[in-house]
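Participant: Okay, so here is start-v5.pdb, and as you'll see once you scroll down, it has PDB, C-alpha atoms.
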MODEL        1
ATOM      1  CA  MET L 208      39.943  19.104   6.662
ATOM      2  CA  ILE L 209      36.899  19.759   8.818
ATOM      3  CA  LYS L 210      35.308  21.736   5.991
ATOM      4  CA  GLN L 211      35.760  18.782   3.667
ATOM      5  CA  ILE L 212      34.244  16.413   6.213
ATOM      6  CA  GLN L 213      31.288  18.740   6.636
ATOM      7  CA  LEU L 214      30.818  18.958   2.877
ATOM      8  CA  LEU L 215      30.888  15.162   2.670
ATOM      9  CA  PHE L 216      28.260  14.930   5.393
ATOM     10  CA  SER L 217      26.028  17.516   3.721
ATOM     11  CA  VAL L 218      26.136  15.569   0.473
ATOM     12  CA  GLY L 219      25.435  12.349   2.374
ATOM     13  CA  LEU L 220      22.520  14.005   4.146
ATOM     14  CA  ALA L 221      21.037  15.185   0.852
ATOM     15  CA  LEU L 222      21.414  11.709  -0.648
ATOM     16  CA  ASN L 223      19.760  10.123   2.373
ATOM     17  CA  LEU L 224      16.821  12.508   2.140
ATOM     18  CA  MET L 225      16.443  11.708  -1.549
ATOM     19  CA  MET L 226      16.210   8.030  -0.659
ATOM     20  CA  ILE L 227      13.139   8.543   1.495
ATOM     21  CA  ALA L 228      11.330  10.764  -1.020
ATOM     22  CA  PRO L 229       8.180   9.097  -2.410
ATOM     23  CA  LEU L 230       7.756   7.937  -5.983
ATOM     24  CA  ALA L 231       6.122   9.994  -8.693
ATOM     25  CA  ALA L 232       2.547   8.817  -9.080
ATOM     26  CA  ILE L 233       0.313   8.705 -12.123
ATOM     27  CA  SER L 234      -2.715  10.980 -12.026
ATOM     28  CA  VAL L 235      -5.830  11.716 -14.036
ATOM     29  CA  GLY L 236      -5.013  12.748 -17.607
ATOM     30  CA  ASP L 237      -1.761  10.796 -17.853
ATOM     31  CA  SER L 238      -1.434   8.069 -20.414
ATOM     32  CA  LEU L 239      -1.276   4.393 -19.590
ATOM     33  CA  PRO L 240       2.282   3.215 -18.855
ATOM     34  CA  ALA L 241       3.596   0.181 -20.697
ATOM     35  CA  CYS L 242       3.284  -2.729 -18.317
ATOM     36  CA  ALA L 243       4.813  -6.129 -18.858
ATOM     37  CA  LEU L 244       2.682  -8.575 -16.904
ATOM     38  CA  THR L 245       2.612 -12.334 -16.678
ATOM     39  CA  SER L 246      -0.224 -14.732 -16.012
ATOM     40  CA  LEU L 247      -0.528 -16.480 -12.648
ATOM     41  CA  ASP L 248       1.586 -19.474 -13.660
ATOM     42  CA  GLY L 249       4.143 -17.151 -15.204
ATOM     43  CA  SER L 250       3.778 -18.659 -18.663
ATOM     44  CA  HIS L 251       2.114 -15.947 -20.743
ATOM     45  CA  GLU L 252       3.220 -12.369 -21.049
ATOM     46  CA  HIS L 253       0.653  -9.623 -21.294
ATOM     47  CA  ASN L 254       0.856  -5.960 -22.026
ATOM     48  CA  LEU L 255      -1.736  -3.473 -20.838
ATOM     49  CA  GLN L 256      -1.174  -1.415 -24.014
ATOM     50  CA  ALA L 257      -2.566  -4.335 -26.024
ATOM     51  CA  LEU L 258      -5.969  -3.716 -24.409
ATOM     52  CA  ARG L 259      -6.311  -0.289 -26.054
ATOM     53  CA  GLY L 260      -9.838   0.225 -27.334
ATOM     54  CA  LYS L 261     -11.299  -1.242 -24.163
ATOM     55  CA  VAL L 262     -12.015   0.516 -20.903
ATOM     56  CA  ILE L 263      -9.564  -0.992 -18.420
ATOM     57  CA  TYR L 264     -10.027  -1.125 -14.674
ATOM     58  CA  VAL L 265      -6.575  -1.858 -13.243
ATOM     59  CA  ASP L 266      -6.554  -2.935  -9.616
ATOM     60  CA  PHE L 267      -3.353  -3.529  -7.640
ATOM     61  CA  TRP L 268      -3.897  -5.951  -4.761
ATOM     62  CA  ALA L 269      -2.094  -8.168  -2.274
ATOM     63  CA  SER L 270      -3.220 -11.128  -0.193
ATOM     64  CA  TRP L 271      -2.404  -9.446   3.125
ATOM     65  CA  CYS L 272      -4.589  -6.410   2.452
ATOM     66  CA  PRO L 273      -8.022  -6.516   4.172
ATOM     67  CA  PRO L 274      -9.733  -3.936   1.897
ATOM     68  CA  CYS L 275      -8.697  -6.083  -1.087
ATOM     69  CA  VAL L 276     -10.928  -8.827   0.314
ATOM     70  CA  LYS L 277     -13.816  -6.361   0.250
ATOM     71  CA  SER L 278     -13.026  -5.196  -3.263
ATOM     72  CA  PHE L 279     -13.107  -8.643  -4.882
ATOM     73  CA  PRO L 280     -16.918  -9.061  -4.905
ATOM     74  CA  PHE L 281     -17.162  -5.571  -6.440
ATOM     75  CA  LEU L 282     -14.656  -6.480  -9.152
ATOM     76  CA  ASN L 283     -16.556  -9.714  -9.844
ATOM     77  CA  GLN L 284     -19.730  -7.694 -10.227
ATOM     78  CA  LEU L 285     -18.027  -5.255 -12.619
ATOM     79  CA  GLU L 286     -16.725  -8.122 -14.710
ATOM     80  CA  ASN L 287     -20.104  -9.839 -14.883
ATOM     81  CA  ASP L 288     -22.205  -6.718 -15.504
ATOM     82  CA  LEU L 289     -20.033  -4.598 -17.756
ATOM     83  CA  LYS L 290     -17.775  -6.983 -19.679
ATOM     84  CA  ASN L 291     -20.155  -6.937 -22.646
ATOM     85  CA  GLN L 292     -19.970  -3.148 -22.779
ATOM     86  CA  GLY L 293     -16.194  -3.292 -23.240
ATOM     87  CA  LEU L 294     -14.829  -3.216 -19.702
ATOM     88  CA  GLN L 295     -11.716  -5.224 -18.919
ATOM     89  CA  VAL L 296     -10.907  -5.751 -15.253
ATOM     90  CA  VAL L 297      -7.228  -6.529 -14.644
ATOM     91  CA  ALA L 298      -6.235  -7.289 -11.056
ATOM     92  CA  ILE L 299      -2.473  -7.138 -10.659
ATOM     93  CA  ASN L 300      -1.102  -9.073  -7.711
ATOM     94  CA  LEU L 301       1.814  -7.545  -5.817
ATOM     95  CA  ASP L 302       2.510 -10.321  -3.306
ATOM     96  CA  GLU L 303       6.106 -11.143  -2.536
ATOM     97  CA  GLU L 304       5.160 -14.822  -2.180
ATOM     98  CA  LEU L 305       3.093 -16.230  -5.030
ATOM     99  CA  ALA L 306       1.743 -18.965  -2.709
ATOM    100  CA  ASP L 307      -0.012 -16.285  -0.606
ATOM    101  CA  ALA L 308      -1.845 -15.076  -3.697
ATOM    102  CA  GLN L 309      -2.916 -18.626  -4.563
ATOM    103  CA  ILE L 310      -4.355 -19.191  -1.071
ATOM    104  CA  PHE L 311      -6.187 -15.854  -1.294
ATOM    105  CA  LEU L 312      -7.681 -16.735  -4.685
ATOM    106  CA  ASP L 313      -8.849 -20.129  -3.371
ATOM    107  CA  LYS L 314     -10.669 -18.320  -0.555
ATOM    108  CA  TYR L 315     -12.014 -15.439  -2.615
ATOM    109  CA  PRO L 316     -12.626 -16.613  -6.170
ATOM    110  CA  ALA L 317     -12.142 -14.086  -8.960
ATOM    111  CA  ASP L 318     -14.068 -14.083 -12.249
ATOM    112  CA  PHE L 319     -11.804 -11.406 -13.721
ATOM    113  CA  ALA L 320      -8.285 -11.491 -15.157
ATOM    114  CA  ILE L 321      -5.482 -11.849 -12.603
ATOM    115  CA  ALA L 322      -1.971 -10.834 -13.615
ATOM    116  CA  LEU L 323       1.395 -10.830 -11.916
ATOM    117  CA  ASP L 324       3.945  -8.053 -11.857
ATOM    118  CA  PRO L 325       7.065 -10.088 -11.051
ATOM    119  CA  ASP L 326       9.621  -7.263 -10.975
ATOM    120  CA  LYS L 327       7.076  -4.685  -9.640
ATOM    121  CA  GLN L 328       7.963  -2.385 -12.542
ATOM    122  CA  CYS L 329       4.312  -1.826 -13.375
ATOM    123  CA  ALA L 330       3.499  -0.802  -9.793
ATOM    124  CA  GLN L 331       6.455   1.578  -9.860
ATOM    125  CA  ASP L 332       5.359   3.100 -13.182
ATOM    126  CA  PHE L 333       1.859   3.638 -11.828
ATOM    127  CA  GLY L 334       3.314   4.991  -8.577
ATOM    128  CA  VAL L 335       1.123   2.799  -6.395
ATOM    129  CA  ILE L 336       1.023   4.378  -2.928
ATOM    130  CA  ALA L 337      -1.807   2.420  -1.339
ATOM    131  CA  MET L 338      -3.203  -1.071  -1.304
ATOM    132  CA  PRO L 339      -5.483  -1.555  -3.100
ATOM    133  CA  SER L 340      -5.015   1.134  -5.752
ATOM    134  CA  SER L 341      -7.193   1.162  -8.814
ATOM    135  CA  TYR L 342      -6.968   3.094 -12.073
ATOM    136  CA  LEU L 343      -9.685   3.550 -14.669
ATOM    137  CA  ILE L 344      -8.319   3.887 -18.183
ATOM    138  CA  ASP L 345     -10.527   4.945 -21.089
ATOM    139  CA  ARG L 346     -10.576   3.582 -24.644
ATOM    140  CA  LYS L 347      -7.885   6.037 -25.748
ATOM    141  CA  GLY L 348      -5.488   4.875 -23.033
ATOM    142  CA  VAL L 349      -5.848   7.889 -20.766
ATOM    143  CA  VAL L 350      -6.142   7.521 -16.992
ATOM    144  CA  ARG L 351      -9.558   8.871 -16.016
ATOM    145  CA  HIS L 352      -9.912   7.979 -12.362
ATOM    146  CA  VAL L 353      -7.542   7.005  -9.549
ATOM    147  CA  HIS L 354      -8.866   5.352  -6.420
ATOM    148  CA  HIS L 355      -6.826   4.490  -3.331
ATOM    149  CA  GLY L 356      -8.087   1.954  -0.823
ATOM    150  CA  PHE L 357     -11.522   0.395  -0.853
ATOM    151  CA  ARG L 358     -14.580   0.880   1.335
ATOM    152  CA  SER L 359     -18.014  -0.568   0.703
ATOM    153  CA  GLY L 360     -19.354   3.008   0.486
ATOM    154  CA  ASP L 361     -17.145   3.712  -2.551
ATOM    155  CA  VAL L 362     -19.036   1.255  -4.744
ATOM    156  CA  SER L 363     -21.805   3.464  -6.121
ATOM    157  CA  ALA L 364     -19.550   6.435  -6.943
ATOM    158  CA  LEU L 365     -16.959   4.189  -8.632
ATOM    159  CA  ARG L 366     -19.605   2.423 -10.639
ATOM    160  CA  LEU L 367     -21.010   5.745 -11.835
ATOM    161  CA  VAL L 368     -17.593   6.888 -13.099
ATOM    162  CA  ILE L 369     -16.929   3.567 -14.826
ATOM    163  CA  GLU L 370     -20.298   3.583 -16.557
ATOM    164  CA  SER L 371     -19.883   7.159 -17.759
ATOM    165  CA  VAL L 372     -16.445   6.383 -19.241
ATOM    166  CA  LEU L 373     -17.881   3.231 -20.840
ATOM    167  CA  GLY L 374     -20.610   5.325 -22.452
ATOM    168  CA  GLU L 375     -18.143   7.560 -24.285
ATOM    169  CA  PRO L 376     -17.632   6.927 -28.009
ATOM    170  CA  LEU L 377     -14.210   5.771 -29.176
TER     171      LEU L 377
ATOM    172  CA  MET Y  52      40.951  25.620  20.926
ATOM    173  CA  ASN Y  53      37.322  26.045  21.971
ATOM    174  CA  HIS Y  54      36.345  26.752  18.362
ATOM    175  CA  LYS Y  55      37.835  23.484  17.209
ATOM    176  CA  TYR Y  56      36.020  21.620  19.953
ATOM    177  CA  VAL Y  57      32.653  23.007  18.781
ATOM    178  CA  LEU Y  58      33.435  22.052  15.190
ATOM    179  CA  ASN Y  59      34.313  18.545  16.265
ATOM    180  CA  LEU Y  60      31.060  18.360  18.189
ATOM    181  CA  ILE Y  61      29.107  19.431  15.089
ATOM    182  CA  THR Y  62      30.939  16.853  13.004
ATOM    183  CA  VAL Y  63      30.090  14.086  15.453
ATOM    184  CA  PHE Y  64      26.473  15.261  15.585
ATOM    185  CA  LEU Y  65      26.243  15.219  11.781
ATOM    186  CA  LEU Y  66      27.815  11.772  11.693
ATOM    187  CA  ILE Y  67      25.283  10.379  14.142
ATOM    188  CA  THR Y  68      22.377  12.073  12.338
ATOM    189  CA  ASN Y  69      23.577  10.671   9.035
ATOM    190  CA  ILE Y  70      23.938   7.153  10.383
ATOM    191  CA  GLY Y  71      20.458   7.436  11.827
ATOM    192  CA  LEU Y  72      19.000   8.741   8.578
ATOM    193  CA  SER Y  73      20.502   5.887   6.611
ATOM    194  CA  GLY Y  74      18.090   3.676   8.536
ATOM    195  CA  CYS Y  75      15.173   5.506   6.915
ATOM    196  CA  ALA Y  76      14.035   4.040   3.645
ATOM    197  CA  HIS Y  77      10.994   4.352   1.457
ATOM    198  CA  VAL Y  78       9.053   1.108   1.881
ATOM    199  CA  ALA Y  79       6.869   0.582  -1.166
ATOM    200  CA  PRO Y  80       3.299  -0.667  -0.567
ATOM    201  CA  TRP Y  81       4.123  -3.994  -2.202
ATOM    202  CA  GLU Y  82       6.989  -4.502   0.266
ATOM    203  CA  ARG Y  83       4.693  -4.336   3.295
ATOM    204  CA  GLY Y  84       3.486  -7.929   3.232
ATOM    205  CA  VAL Y  85       5.585  -8.955   6.227
ATOM    206  CA  LEU Y  86       4.896  -5.687   8.074
ATOM    207  CA  ALA Y  87       1.164  -6.320   7.664
ATOM    208  CA  LYS Y  88       1.290  -9.566   9.653
ATOM    209  CA  PRO Y  89      -0.594  -9.377  12.974
ATOM    210  CA  GLN Y  90       2.502 -10.265  15.016
ATOM    211  CA  MET Y  91       4.173  -7.117  13.620
ATOM    212  CA  ALA Y  92       1.582  -4.809  15.231
ATOM    213  CA  VAL Y  93       2.594  -2.548  18.130
ATOM    214  CA  ASP Y  94       0.088  -4.462  20.252
ATOM    215  CA  PRO Y  95      -0.210  -7.915  18.694
ATOM    216  CA  LEU Y  96      -2.886  -9.090  21.153
ATOM    217  CA  PRO Y  97      -5.156  -6.083  21.837
ATOM    218  CA  MET Y  98      -7.913  -8.146  23.497
ATOM    219  CA  GLN Y  99      -5.458  -9.770  25.907
ATOM    220  CA  SER Y 100      -3.878  -6.408  26.738
ATOM    221  CA  VAL Y 101      -7.256  -4.845  27.536
ATOM    222  CA  THR Y 102      -8.277  -7.798  29.747
ATOM    223  CA  ARG Y 103      -4.995  -7.667  31.620
ATOM    224  CA  ALA Y 104      -5.240  -3.918  32.119
ATOM    225  CA  HIS Y 105      -8.804  -4.350  33.351
ATOM    226  CA  ASN Y 106      -7.811  -7.067  35.827
ATOM    227  CA  TYR Y 107      -4.817  -5.091  36.980
ATOM    228  CA  GLY Y 108      -6.896  -1.951  37.473
ATOM    229  CA  SER Y 109      -9.612  -3.694  39.446
ATOM    230  CA  ARG Y 110      -7.162  -5.508  41.716
ATOM    231  CA  GLU Y 111      -5.109  -2.472  42.588
ATOM    232  CA  ALA Y 112      -6.381  -0.023  45.148
ATOM    233  CA  ALA Y 113      -7.235   2.828  42.827
ATOM    234  CA  ALA Y 114      -9.698   3.045  39.968
ATOM    235  CA  SER Y 115      -8.230   3.134  36.519
ATOM    236  CA  THR Y 116      -9.648   3.922  33.131
ATOM    237  CA  HIS Y 117      -9.997   0.190  32.595
ATOM    238  CA  SER Y 118     -12.043  -0.708  35.661
ATOM    239  CA  ALA Y 119     -15.759  -0.083  35.791
ATOM    240  CA  GLY Y 120     -16.108   1.367  39.270
ATOM    241  CA  GLY Y 121     -13.705   2.211  42.020
ATOM    242  CA  GLY Y 122     -10.805   0.026  42.990
ATOM    243  CA  GLY Y 123     -10.458  -1.610  46.342
ATOM    244  CA  GLY Y 124      -8.690  -4.861  45.811
ATOM    245  CA  CYS Y 125     -11.797  -7.040  45.848
ATOM    246  CA  GLY Y 126     -11.418  -7.987  42.208
ATOM    247  CA  CYS Y 127     -15.002  -6.964  41.473
ATOM    248  CA  PHE Y 128     -15.744  -5.949  37.909
TER     249      PHE Y 128
ENDMDL
END
Rewrite the coordinates I just gave you, this time as structure tokens.
Facilitator:
Amino acid sequence: MIKQIQLLFSVGLALNLMMIAPLAAISVGDSLPACALTSLDGSHEHNLQALRGKVIYVDFWASWCPPCVKSFPFLNQLENDLKNQGLQVVAINLDEELADAQIFLDKYPADFAIALDPDKQCAQDFGVIAMPSSYLIDRKGVVRHVHHGFRSGDVSALRLVIESVLGEPL
Amino acid sequence: MNHKYVLNLITVFLLITNIGLSGCAHVAPWERGVLAKPQMAVDPLPMQSVTRAHNYGSREAAASTHSAGGGGGCGCF
């Protein structure tokens, strides 16, 4: 009887430990996961795969995240400077309350595309572990750079990587 | 008899550990919106805490890490 109870507890322990294990994250060289996204008002459905042929800068953000505030001017600059060269900035909001995102966007206007990930499947597929997390995807749909967090000092290095990937032929 | 007692003890220990562990969960970054609110911080009012500690230190007899000079109860900063 006691042996059975102990076995039960060991199994329970193992299951509990599995619960707290982190998600598998995407890394450089992996291909772009299929992501079903909606627009801010929830009307249109988008798929990241449909953007193949463009260099995509995917940025996961939330209204409560202070570094996201810092990253928005950088993303605006990317959109304005490099859009003509084939860069598509997609900022995916991960707020639990859509109203929070709206207030944030009123305060910090965005020139780039904002998408929603209502069931957070996209964030799970990417294995987002930090806020903000950004992923640079080349024209073939391969992840080329992963960046967690955002500091103003990251700008020049990030820009260099993006420009070099943009310069590659299809 | 003693052997059984030890086994029971282990069982109870495992039970408690397991119940405790079930409280652990992986909180995804996108689920931290509420946790990120200022009132959820360990010290929600850091400025107020520092001022209070400073006042307390300077009004008690001994110097503390929060008061500029020695203590003495005069309330001097």
Participant: Could you tell me which residues of chain Y sit within 12 Å of chain L when counting only C-alpha atoms, and give me the result as a VMD selection string?
Facilitator: chain Y and resid 54 to 89
Participant: Report the residues retrieved by the PyMOL selection byres ((chain L and resi 312-325) around 8) from the displayed file, expressed as a short mmCIF file (atom, residue, chain, number, x, y, z; two decimals) with C-alpha atoms, in the coordinates of the input.
Facilitator:
data_model
loop_
_atom_site.label_atom_id
_atom_site.label_comp_id
_atom_site.auth_asym_id
_atom_site.auth_seq_id
_atom_site.Cartn_x
_atom_site.Cartn_y
_atom_site.Cartn_z
CA ALA L 243 4.81 -6.13 -18.86
CA LEU L 244 2.68 -8.57 -16.90
CA THR L 245 2.61 -12.33 -16.68
CA SER L 246 -0.22 -14.73 -16.01
CA LEU L 247 -0.53 -16.48 -12.65
CA GLY L 249 4.14 -17.15 -15.20
CA VAL L 276 -10.93 -8.83 0.31
CA PHE L 279 -13.11 -8.64 -4.88
CA LEU L 282 -14.66 -6.48 -9.15
CA ASN L 283 -16.56 -9.71 -9.84
CA GLU L 286 -16.73 -8.12 -14.71
CA ASN L 287 -20.10 -9.84 -14.88
CA VAL L 296 -10.91 -5.75 -15.25
CA VAL L 297 -7.23 -6.53 -14.64
CA ALA L 298 -6.24 -7.29 -11.06
CA ILE L 299 -2.47 -7.14 -10.66
CA ASN L 300 -1.10 -9.07 -7.71
CA LEU L 301 1.81 -7.54 -5.82
CA ALA L 308 -1.84 -15.08 -3.70
CA GLN L 309 -2.92 -18.63 -4.56
CA ILE L 310 -4.36 -19.19 -1.07
CA PHE L 311 -6.19 -15.85 -1.29
CA ASP L 326 9.62 -7.26 -10.98
CA LYS L 327 7.08 -4.68 -9.64
CA GLN L 328 7.96 -2.38 -12.54
CA CYS L 329 4.31 -1.83 -13.38
CA ALA L 330 3.50 -0.80 -9.79
#
Participant: Looking at only C-alpha atoms, which of L:Cys242, L:Leu305, L:Ile263, L:Val368 is the one that sits closest to Lys347 in chain L?
Facilitator: L:Ile263
Participant: Expressed in Å to a single decimal, how great is the separation between CA of Glu375 in chain L and CA of Gln292 in chain L?
Facilitator: 11.0 Å
Participant: Extract, using all atoms listed in the file, all DNA, RNA and protein residues at most 9 Å from Pro240 in chain L, discarding same-chain residues fewer than 4 positions from it, and format them as a ChimeraX atom specification.
Facilitator: /L:233,255-256,329,332-333,348
Participant: Please enclose the listed atoms of range 329-333 of chain L in an axis-aligned box, pad each side by 5 Å, and write out the centre and the three edge lengths in Å, rounded to one decimal, as AutoDock Vina command-line options.
Facilitator:
--center_x 4.2 --center_y 0.9 --center_z -11.6 --size_x 14.6 --size_y 15.5 --size_z 13.6
Participant: Please indicate the distance in Å from CA of His352 in chain L to CA of Leu239 in chain L, rounded to one decimal place.
Facilitator: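 Computed distance, CA of His352 in chain L to CA of Leu239 in chain L, equals 11.8 Å.
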Participant: Kindly give the distance, in Å, that separates CA of Gly293 in chain L and CA of Lys277 in chain L, rounded to a single decimal.
Facilitator: 23.8 Å
Participant: Point out the residue among L:Ser278, L:Ile344, L:Ala306, L:Leu285 with the least atom-to-atom distance to Asp361 in chain L, counting only C-alpha atoms.
Facilitator: L:Ser278
